[in-house]
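Novice: Dropping the structure in here first, questions after.
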There are 2 protein chains.
Amino acid sequence: MKKYVYHFEEAYGLGKELLGGKGAGLAEMTHIGVSIPQGFTITTEACSLYYNSNKELPEFLVKDIYQAVKEVEKKTGKKFGGDKNPLLVSVRSGARVSMPGMMDTILNLGLNDNTVKVLANETNNERFAYDSYRRFVLMFTNIAKGHPRDDMDKMLDDLKKEKGYKLDTEVKADELKELVKKYKDYYKKTFNEEFPSDPYVQLIEAVKAVFRSWDNERANVYRMMNNIPYDWGTAVNVQSMAFGNKGETSGTGVAFSRNPATGENKVSAEYLPNAQGEDVVAGIRTPLKIEELEHRMPEVYKEFMKTIKLMENHYKDMQDMEFTVEDGKLYFLQTRNGKRTPKASLKIALDLLDEGLIDEKEAILRIDAQSFDKILLPDFDRDDIKNYKPIAKGIAAGPGAGTGMLAFSAKEAEERKAKGEKVILVRAETSPEDIVGMVSSEAILTMRGGQTSHAAVVARQMGKCCVCGCSDAIIDEKKKTVTIDGKVYTDKDTFSIDGSTGNVYLGAIKTISPDLTSGIFARFMKMVDENRYLKVRTNADNPRDAQKALDFGAEGIGLCRTEHMFFDKDRIFSMRKMILADKLIDREKALAEIEPMQQKDFEGLYEIMNGRNVNVRLLDPPLHEFLPKEEKLIEELAKALNKSVSDIKNRINELSESNPMMGHRGCRLAVTYPEICRMQTEAIIKAAINVTKKGIKVEPEIMVPLVLEVKELKYVKNIICETADRIIKEANVKLTYHVGTMIEIPRAALLSDEIAQEAEFFSFGTNDLTQMTFGFSRDDAQKFLPSYYDTKILEFNPFKTLDTEGVGKLVKMSVAEGRKTRPDLHVGVCGETGGDARSIEYYHNVGLDYVSCSPFRVPVARLAAAQANIKNPRK
Amino acid sequence: MKKYVYHFEEAYGLGKELLGGKGAGLAEMTHIGVSIPQGFTITTEACSLYYNSNKELPEFLVKDIYQAVKEVEKKTGKKFGGDKNPLLVSVRSGARVSMPGMMDTILNLGLNDNTVKVLANETNNERFAYDSYRRFVLMFTNIAKGHPRDDMDKMLDDLKKEKGYKLDTEVKADELKELVKKYKDYYKKTFNEEFPSDPYVQLIEAVKAVFRSWDNERANVYRMMNNIPYDWGTAVNVQSMAFGNKGETSGTGVAFSRNPATGENKVSAEYLPNAQGEDVVAGIRTPLKIEELEHRMPEVYKEFMKTIKLMENHYKDMQDMEFTVEDGKLYFLQTRNGKRTPKASLKIALDLLDEGLIDEKEAILRIDAQSFDKILLPDFDRDDIKNYKPIAKGIAAGPGAGTGMLAFSAKEAEERKAKGEKVILVRAETSPEDIVGMVSSEAILTMRGGQTSHAAVVARQMGKCCVCGCSDAIIDEKKKTVTIDGKVYTDKDTFSIDGSTGNVYLGAIKTISPDLTSGIFARFMKMVDENRYLKVRTNADNPRDAQKALDFGAEGIGLCRTEHMFFDKDRIFSMRKMILADKLIDREKALAEIEPMQQKDFEGLYEIMNGRNVNVRLLDPPLHEFLPKEEKLIEELAKALNKSVSDIKNRINELSESNPMMGHRGCRLAVTYPEICRMQTEAIIKAAINVTKKGIKVEPEIMVPLVLEVKELKYVKNIICETADRIIKEANVKLTYHVGTMIEIPRAALLSDEIAQEAEFFSFGTNDLTQMTFGFSRDDAQKFLPSYYDTKILEFNPFKTLDTEGVGKLVKMSVAEGRKTRPDLHVGVCGETGGDARSIEYYHNVGLDYVSCSPFRVPVARLAAAQANIKNPRK
């Protein structure tokens, strides 16, 4: 019989896949001797079991859980629902990777009208007992039963108002007792049944609630954002409670073993006396600095610091921990590798390397490649910022600098972003419902909450600028105002906020990009480059982008899209003339006008790239894309060309297509209009000859798009070679050039052995290849993709991350077949997935020579390539 | 060193691939002792060599040809360019399969001012010698030099007019001598060089001309029509001349060993005294019946009949032969398996079987499956035809019956056909330039030419009705009139012509389809069905089509497209209401209106199919296809639905797509609108329950279109199964149904092992699969496909004939992978290629269970399936 339930001390080494991150951490902490409350983990496999059993727990699993509770009773000497020394437990989710705040937790489970009295008696703290009970009834109703908490929150607020209390802690024990009664009446009225007093019934409901929460909306959004597969599931951890709310010698807190915002090697922790964990995470009360604990309980503080070091040395990484002090005794509730800003992650990895805790390869693997471009985020211009004085200061919680107008709800942020506005999301505090709004904002500013509040944690992970706990600012979300020092700001005002100092400014401060050529970044990239096999090129059509990519470490151009060059104001007219010409001779004349300009483009690129590879793709889009659509522009064009409007409309009509993506484009243009291919070849080769004369080395790569058949490639290659060879001969120079093809049509991938007879190189165009392989029009798929995500038919956007199963299979086949024909076939990728870290790992593994991506993604690609090579060395 | 030149007697057994059909035939005739003129064959490999050598013959090949001529000189005792007994040769094309009239031939080569005199002297026939010389100069100029013959034809016509001659044969020797001089002057003026007198120079030019003619336009069109690969090339046969124009004891002719129109076992031959072969083929003079030869030269006739029997027994097939009688001596110039009408081919195959010459399997292989549907062509209704009297009678040359208005040129026929008119092409005689016009016509009527004229040969092969040599009709192509018995008919008149009697009628006679359930057809199809493995289903959406398919032998429905059912006048309104509904409840209401109608459709199909499989595909096209496009219709719809025009336009806009072929369609509709899928399932299952109650067996197959991922199929299958199981349970009946999928997206083909986990059957949708695999939008590809054919990048239309290399590779993978998961996976095809004979052979070979095609193609599919199984037995 498969085991679904493990006590912490028997679970060491079973891994996160089975136990979830939290469960594995608890097992490991037990193993290394950290003081934690007793308990057990219900595995992720039980989660699948739950979903496959029609969202129920099978009988045998329920029995196993009961049995596990008995064991905990034995170990703690407490009793679940017991008349004395009652066992109370927390029930928490724990997925394979941390998804903070996304799933549900229930605390104080095991309380009922009897145990609450025993607890009050035994702890001699009636207020604490009834406060716990109140919280439990509230959480059970809200989470296990899925009922909104508003009415119950209001009952507490009304009570406080009535009594004139400001803080929850002011409420008296008797009043809490009364409130519990009201809660339970409310429960009965709502569900038409008594609040369950049997702790075992409570427990099973709570476990199911946690499993259920794996599928809630915010968890699904989070998974999508972070590429977490749905079928992983979550584990559930049942742990005896430690009470941080037993009075002033109790408390709770969170700690990072190093600073998660900057990476500084200094414990960064917060402590909230007389409180339970949810008070900290929710950010409702602003916690104290950890130094306060040293003042209050120096022994506890000493053990706290020692244990942190122990754990960091064990895990060899920065730890994010929850702890509770119950009547002067320290418990760690959980530990995990801490989330950090991209910049902090870089510093921490290099520090750990220098401290000898990890080696170079491990340091490289420690950096999340996918978010590595966040390191390149701009900061405020040091000169410009001198002109501004901060109007407020909060906690520096997220990286970088952000400027935008104020938006007061997630929805507003989303809508204004859609309109093209830059906004800063301004909230009293954020909650998981705000995620989409946070994505849409340049930065986040909150009034409440510390460095581990929801806003701070999520912003850091997004690499988004965030200032939290800015109590100087009074934020009224309903009125949509921020009041600072009596001055009122509205959604028309622009703030600049600094995620590394916590400063808030009025107005838009200039930003500058960080220096990448020296310091920690340069050191790290040197390590990265020494460890990778894949070359990294860039997709660039002009010298500006090419220079940017070079700054980021690009080693060549993997895709120069020549069509962008035709859209230039000076050229589009000649282009249109060409398209509208009736005769070959007129087409050739128009092309001759474009040729010198195109040649200049290439010269510019060759010069910038200075000897590095430059891969030029021949004209790809259908010709109708170059023609005007508006009536007025058509009339102007007719006039300029001395043609009738109806002539031009006829031609537009003639060229229009039902499915342009699968229409007359790519090398099909070269087949029907060889003169276009000839002109482009001339420009490419003449430019190369010119720069060669200046002493710059260049071996142009000419790439034929949309090939589906070797005879087609051969036909176009003949045009290219005849033209190129003629010009080279006329110029009497030595120039090597290469002709290859995009692999972006499934048929070409399937017949790559043949295609390779003519192609010196392949470059996978994964955008089109994904379109054809899925039968998805990228322009239209947005209409049904949301349904595909909702139903979990698809979990990722296949245009962003390579679909390794389907499209990847074609890529793998193509590389293997192509190399059978031509062992030295040079193979790369230039689709959007060429800058995606997960895809790059796949490309490394199937034997590509290089990836090409947008300039900004070049560092990501370099890092992802190194990580892939460390995991599966090719050199 | 490879051998490119073979003498006839050393070539036996080398095969048509190398020698071409004509060359192989000459070698074989030599081998079995048929009297033929000496000569040699230059192989098809030499043709490739020519094209690869920049359209030149390499030095060594020229030498080989010279050497071969020397051998012929030795054997014949004649001398090339010799002062006495000069050797003259014919130079003819000969491809692997016969392409009559498509390539070029040059006769009498070797003549010059000297040899013509020797020839005149030695044959004592100056007129013959100069007539041969004249023809040679004309052909050489026209064919070897590629110059139009009009001017030279006019010189002869002028001469005849001047002298008052009617026939060419009236022209005197001296006049021919003078004409040759004129021809040669014309040649010199045109090419600025003397007409070549060296026979070796003439020969090499002629060989090159024949190779070049492989690539002429009409050959290319013919190849395309007949699926002949371009890279086969043609051989060249050089053969010493036999002269049929040496006087009244000479002559030439063509013969079929059986009747090519009816299949009757009787020699069918024509003879033209004192003529050369081109006179017969061109149809300029109407030849005599072969019985005339018996009168004139009984001994020759006897040998002629004996040799024909010898050849037929040797080849075990009906032979098509050319022969020449030179001064009373019979030569056969070539033999080949004769073209025949589909009906004749059936009779001949069964006769050969009965005669014991071939076995049953061979008889089945003898029938061309691709054109087998021509057997189903209608004939005139015997009752209706009694009301008509023939107005003229010609030679019955092509099968069936044809009715249409008169068109006087190929171009006119093509244009009127494009407008939807039915036309009969009426020509004095046809030439290869008329092919496209012949394709566009219902029938062909010519004034001149016999059963082997161009019109007759081509029409038979197309399975097109043809009456030729109708000398009763005076056809004026310029005036566009036909005059019969003084009555003038124009392009407004309708004729009916009978290809099996040669009768021509005025007016449109009713036609009826042939009886397929008895006689020779029934006998043959029984043999076919006993020999095939693949089942043959049909694509049918309504009882009428289904019945037609059953009559043709269909064994089930392989594809019922449900969308056609929604376009019905009564239903489209409900459909539109559904599409335009804002809420689920309104969509469901509209669907509920459609459901009973849809259910009725299915009941009708189940009843007709009476226990045979019925495969229903769920809704496939994008919803916008159901909405009106015209302003007026939109207004009407708005009124009927009580919505604003702009509301409706907005929705139309919302649904419109950039690339609908890859858009929101197929099972993507079921994912976003499960209620549509639910409604269709209900209709399918309820209908099945109803007919089951009537005692008709039915196991509906429900087919999910456009699947790309197993989770997607699983999701839709769940909707289907929940719905179906609920209804079956409610009805308390026993009903089995099957759920499967189309494989039409490359990704599904690539991941068929996974898809087969959920699919009980696969059906390849080769239309979409070809679109995606090629990246060809079927609607748009017409714009560039012609260029692809011209450049030989593609040789066939991949939508009609499966691209076995690319798309076929996916099909093969998919079947193999699918069966790995589910060994009893049922696999078929329902794209257009399911009715294409060549594709069917591939489907048989890769292990499909059935093909499904349009009703009319069912007999083709049955035959193709049997042929495939005979070649590669699966049962």
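To be explicit about the labels: the chains of the structure tokens are called A, B, and onward in the order shown, and within each one the residues are counted from 1, while ligands get numbers from 1 in the order they are shown.
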Compute the set of chain A residues within 8 Å of chain B, using only C-alpha atoms, and express it as JSON, numbers by chain.

Specialist: {"A": [657, 658, 659, 660, 661, 662, 663, 664, 668, 671, 672, 708, 709, 711, 712, 715, 745, 746, 747, 750, 751, 771, 772, 773, 774, 775, 776, 777, 779, 780, 781, 783, 784, 787, 788, 791, 792, 793, 805, 806, 807, 809]}

Novice: Would you pick out the contacts of segment 70-79 of chain A at 10 Å or less, using only C-alpha atoms, so that residues sharing its chain but fewer than 4 positions from it are not included, and give the list as a list in words?

Specialist: His7, Pro37, Gln38, Gly39, Phe40, Asp64, Ile65, Tyr66, Asp83, Lys84, Asn85, Pro86, Leu87, Leu88, Gly110, Thr115, Val238, Gln239 and Ser240 of chain A

Novice: Can you pull out every residue within 10 Å of Phe136 of chain A, counting only C-alpha atoms, but drop anything in the same chain fewer than 4 positions away, and send it as a PDB file with N, CA and C atoms, in the first residue's frame?

Specialist:
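File produced: result12.pdb:
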```pdb
ATOM      1  N   SER A  90      -2.027  23.381  13.243  1.00  0.00           N
ATOM      2  CA  SER A  90      -2.179  24.214  12.051  1.00  0.00           C
ATOM      3  C   SER A  90      -2.245  23.281  10.848  1.00  0.00           C
ATOM      4  N   ILE A 106      -5.106  27.003   7.817  1.00  0.00           N
ATOM      5  CA  ILE A 106      -6.037  27.121   8.951  1.00  0.00           C
ATOM      6  C   ILE A 106      -5.249  26.877  10.242  1.00  0.00           C
ATOM      7  N   LEU A 107      -5.410  27.777  11.182  1.00  0.00           N
ATOM      8  CA  LEU A 107      -4.674  27.679  12.447  1.00  0.00           C
ATOM      9  C   LEU A 107      -5.632  27.294  13.583  1.00  0.00           C
ATOM     10  N   ASN A 108      -5.022  26.834  14.691  1.00  0.00           N
ATOM     11  CA  ASN A 108      -5.789  26.595  15.921  1.00  0.00           C
ATOM     12  C   ASN A 108      -6.841  25.522  15.765  1.00  0.00           C
ATOM     13  N   LEU A 109      -6.656  24.639  14.818  1.00  0.00           N
ATOM     14  CA  LEU A 109      -7.657  23.604  14.616  1.00  0.00           C
ATOM     15  C   LEU A 109      -7.623  22.603  15.769  1.00  0.00           C
ATOM     16  N   GLY A 110      -8.798  22.181  16.207  1.00  0.00           N
ATOM     17  CA  GLY A 110      -8.907  21.307  17.378  1.00  0.00           C
ATOM     18  C   GLY A 110      -9.678  21.981  18.505  1.00  0.00           C
ATOM     19  N   LEU A 111      -9.899  23.273  18.355  1.00  0.00           N
ATOM     20  CA  LEU A 111     -10.652  23.998  19.385  1.00  0.00           C
ATOM     21  C   LEU A 111     -12.142  23.723  19.252  1.00  0.00           C
ATOM     22  N   ASN A 112     -12.793  23.559  20.378  1.00  0.00           N
ATOM     23  CA  ASN A 112     -14.252  23.539  20.434  1.00  0.00           C
ATOM     24  C   ASN A 112     -14.657  24.080  21.822  1.00  0.00           C
ATOM     25  N   TYR A 130      -9.847  32.299  23.943  1.00  0.00           N
ATOM     26  CA  TYR A 130     -11.026  32.688  23.159  1.00  0.00           C
ATOM     27  C   TYR A 130     -10.653  33.477  21.905  1.00  0.00           C
ATOM     28  N   ASP A 131      -9.559  34.179  21.991  1.00  0.00           N
ATOM     29  CA  ASP A 131      -9.102  34.856  20.772  1.00  0.00           C
ATOM     30  C   ASP A 131      -8.722  33.815  19.713  1.00  0.00           C
ATOM     31  N   SER A 132      -8.009  32.748  20.144  1.00  0.00           N
ATOM     32  CA  SER A 132      -7.647  31.672  19.228  1.00  0.00           C
ATOM     33  C   SER A 132      -8.897  31.009  18.658  1.00  0.00           C
ATOM     34  N   PHE A 140     -12.143  28.725   9.728  1.00  0.00           N
ATOM     35  CA  PHE A 140     -12.799  27.506   9.272  1.00  0.00           C
ATOM     36  C   PHE A 140     -13.975  27.837   8.362  1.00  0.00           C
ATOM     37  N   THR A 141     -14.763  28.823   8.810  1.00  0.00           N
ATOM     38  CA  THR A 141     -15.921  29.229   8.012  1.00  0.00           C
ATOM     39  C   THR A 141     -15.481  29.780   6.661  1.00  0.00           C
ATOM     40  N   ASN A 142     -14.466  30.611   6.747  1.00  0.00           N
ATOM     41  CA  ASN A 142     -14.011  31.278   5.528  1.00  0.00           C
ATOM     42  C   ASN A 142     -13.306  30.306   4.580  1.00  0.00           C
ATOM     43  N   VAL A 180     -17.575  34.625  19.762  1.00  0.00           N
ATOM     44  CA  VAL A 180     -17.532  33.248  19.257  1.00  0.00           C
ATOM     45  C   VAL A 180     -18.946  32.706  19.122  1.00  0.00           C
TER      46      VAL A 180
END
```

Novice: Figure out the distance between atom CA of Glu248 of chain A and atom CA of Arg296 of chain A, please, to one decimal in Å.

Specialist: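 Atom CA of Glu248 of chain A lies at a distance of 9.3 Å from atom CA of Arg296 of chain A.
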
Novice: So that I can see what lies close to segment 344-359 of chain B, please list as a PyMOL selection string the residues with an atom at most 8 Å from it, counting only C-alpha atoms and leaving out residues fewer than 2 positions away in the same chain.

Specialist: chain B and resi 258-265+313+316-318+340-342+361-364+366-367+520-521+524

Novice: May I ask which of the residues B:Val614, B:Leu534, B:Met679, B:Met813 is the closest one to Val851 of chain B, counting only C-alpha atoms?

Specialist: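 Smallest separation from Val851 of chain B among the options: B:Leu534.
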
Novice: Might you pull out every residue within 10 Å of segment 600-613 of chain A, with only C-alpha atoms counted and same-chain residues fewer than 3 positions away left off, and present them as a PyMOL selection string?

Specialist: chain A and resi 537+540-547+549-550+554-558+560+562+565+595-597+616+683-692+694-701

Novice: Based on DSSP run over this structure's backbone, return all residues of segment 578-714 of chain B in helix (DSSP H, G or I), as JSON, numbers by chain.

Specialist: {"B": [578, 579, 580, 584, 585, 586, 587, 588, 589, 590, 591, 592, 593, 594, 595, 596, 597, 598, 599, 600, 601, 602, 603, 604, 605, 606, 607, 608, 609, 623, 624, 625, 626, 631, 632, 633, 634, 635, 636, 637, 638, 639, 640, 641, 645, 646, 647, 648, 649, 650, 651, 652, 653, 654, 655, 660, 661, 662, 667, 668, 669, 670, 671, 672, 674, 675, 676, 677, 678, 679, 680, 681, 682, 683, 684, 685, 686, 687, 688, 689, 690, 691, 692, 693, 710, 711, 712, 713, 714]}

Novice: So that I can see what lies close to Ile474 of chain A, please list as an mmCIF file with N, CA and C atoms, in the first residue's frame the residues with an atom at most 12 Å from it, counting only C-alpha atoms and leaving out residues fewer than 3 positions away in the same chain.

Specialist:
```cif
data_model
loop_
_atom_site.group_PDB
_atom_site.id
_atom_site.type_symbol
_atom_site.label_atom_id
_atom_site.label_comp_id
_atom_site.auth_asym_id
_atom_site.auth_seq_id
_atom_site.Cartn_x
_atom_site.Cartn_y
_atom_site.Cartn_z
ATOM 1 N N ALA A 392 7.978 61.523 0.911
ATOM 2 C CA ALA A 392 7.667 60.510 1.931
ATOM 3 C C ALA A 392 8.713 59.418 1.854
ATOM 4 N N VAL A 426 -1.228 52.130 -5.997
ATOM 5 C CA VAL A 426 -1.170 52.679 -4.652
ATOM 6 C C VAL A 426 -2.270 52.017 -3.823
ATOM 7 N N ARG A 427 -1.883 51.248 -2.786
ATOM 8 C CA ARG A 427 -2.870 50.517 -1.995
ATOM 9 C C ARG A 427 -2.529 50.658 -0.516
ATOM 10 N N ALA A 428 -3.547 50.599 0.349
ATOM 11 C CA ALA A 428 -3.279 50.537 1.793
ATOM 12 C C ALA A 428 -2.404 49.319 2.048
ATOM 13 N N GLU A 429 -2.830 48.188 1.530
ATOM 14 C CA GLU A 429 -1.996 46.988 1.533
ATOM 15 C C GLU A 429 -2.455 46.150 0.347
ATOM 16 N N LEU A 445 3.167 50.970 -4.310
ATOM 17 C CA LEU A 445 3.364 51.751 -3.092
ATOM 18 C C LEU A 445 2.264 51.358 -2.103
ATOM 19 N N THR A 446 2.661 50.869 -0.898
ATOM 20 C CA THR A 446 1.631 50.542 0.095
ATOM 21 C C THR A 446 1.873 51.322 1.374
ATOM 22 N N MET A 447 0.780 51.483 2.137
ATOM 23 C CA MET A 447 0.807 52.259 3.372
ATOM 24 C C MET A 447 1.223 51.368 4.534
ATOM 25 N N ARG A 448 0.756 50.107 4.493
ATOM 26 C CA ARG A 448 1.001 49.180 5.607
ATOM 27 C C ARG A 448 1.840 48.005 5.139
ATOM 28 N N GLY A 469 4.843 49.818 3.552
ATOM 29 C CA GLY A 469 4.799 50.362 4.906
ATOM 30 C C GLY A 469 5.084 51.855 4.957
ATOM 31 N N CYS A 470 4.615 52.582 3.952
ATOM 32 C CA CYS A 470 4.889 54.015 3.886
ATOM 33 C C CYS A 470 3.802 54.744 4.689
ATOM 34 N N SER A 471 4.005 54.767 6.025
ATOM 35 C CA SER A 471 2.931 55.282 6.884
ATOM 36 C C SER A 471 2.783 56.802 6.783
ATOM 37 N N GLU A 477 -8.502 54.567 -0.678
ATOM 38 C CA GLU A 477 -8.739 53.878 -1.957
ATOM 39 C C GLU A 477 -10.090 54.242 -2.546
ATOM 40 N N LYS A 479 -11.828 57.203 -2.082
ATOM 41 C CA LYS A 479 -11.807 58.568 -2.620
ATOM 42 C C LYS A 479 -10.745 58.724 -3.696
ATOM 43 N N LYS A 480 -9.855 57.736 -3.769
ATOM 44 C CA LYS A 480 -8.763 57.779 -4.724
ATOM 45 C C LYS A 480 -7.842 58.979 -4.468
ATOM 46 N N THR A 481 -7.385 59.061 -3.220
ATOM 47 C CA THR A 481 -6.428 60.122 -2.888
ATOM 48 C C THR A 481 -5.303 59.559 -2.033
ATOM 49 N N VAL A 482 -4.161 60.212 -2.128
ATOM 50 C CA VAL A 482 -3.066 59.987 -1.186
ATOM 51 C C VAL A 482 -2.814 61.325 -0.498
ATOM 52 N N THR A 483 -2.814 61.302 0.819
ATOM 53 C CA THR A 483 -2.553 62.549 1.539
ATOM 54 C C THR A 483 -1.206 62.434 2.250
ATOM 55 N N ILE A 484 -0.298 63.344 1.917
ATOM 56 C CA ILE A 484 1.020 63.371 2.559
ATOM 57 C C ILE A 484 1.246 64.774 3.091
ATOM 58 N N ASP A 485 1.484 64.847 4.387
ATOM 59 C CA ASP A 485 1.702 66.154 4.997
ATOM 60 C C ASP A 485 0.567 67.121 4.674
ATOM 61 N N GLY A 486 -0.665 66.583 4.645
ATOM 62 C CA GLY A 486 -1.815 67.451 4.408
ATOM 63 C C GLY A 486 -2.071 67.773 2.954
ATOM 64 N N LYS A 487 -1.119 67.415 2.121
ATOM 65 C CA LYS A 487 -1.309 67.683 0.694
ATOM 66 C C LYS A 487 -1.977 66.475 0.028
ATOM 67 N N VAL A 488 -2.953 66.750 -0.823
ATOM 68 C CA VAL A 488 -3.724 65.655 -1.416
ATOM 69 C C VAL A 488 -3.291 65.415 -2.874
ATOM 70 N N TYR A 489 -2.956 64.147 -3.165
ATOM 71 C CA TYR A 489 -2.585 63.769 -4.542
ATOM 72 C C TYR A 489 -3.648 62.838 -5.114
ATOM 73 N N THR A 490 -3.881 62.955 -6.419
ATOM 74 C CA THR A 490 -4.957 62.157 -7.049
ATOM 75 C C THR A 490 -4.386 61.342 -8.222
#
```

Novice: With distances taken over only C-alpha atoms, which of A:Pro199, A:Gly740, A:Gly847, A:Pro273 is nearest to Phe243 of chain A?

Specialist: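 Among A:Pro199, A:Gly740, A:Gly847, A:Pro273, it is A:Pro273 that comes nearest to Phe243 of chain A.
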
Novice: Excluding Ala756 of chain A and residues on its chain fewer than 3 positions from it, collect all residues at most 7 Å away from it, counting only C-alpha atoms, and give them as number ranges by chain.

Specialist: A: 752-753, 759-760, 818, 821-822

Novice: May I have all residues of segment 374-471 of chain B that DSSP, computed from the backbone, assigns to strand (DSSP E or B), given as a PyMOL selection string?

Specialist: chain B and resi 379-380+392-393+395-398+401-407+423-427+443-446+465-468

Novice: Measuring between only C-alpha atoms, which one of A:Asn732, A:Ser646, A:Gln334, A:Asn220 shows the shortest distance to Phe8 of chain A?

Specialist: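 Checking each candidate against Phe8 of chain A, we get A:Gln334 as the closest.
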
Novice: Go through B:Glu758, B:Phe128, B:Ser644, B:Val467 and flag the residue nearest Gly449 of chain B, using only C-alpha atoms for the distances.

Specialist: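 So, comparing all the options, the nearest one is B:Val467.
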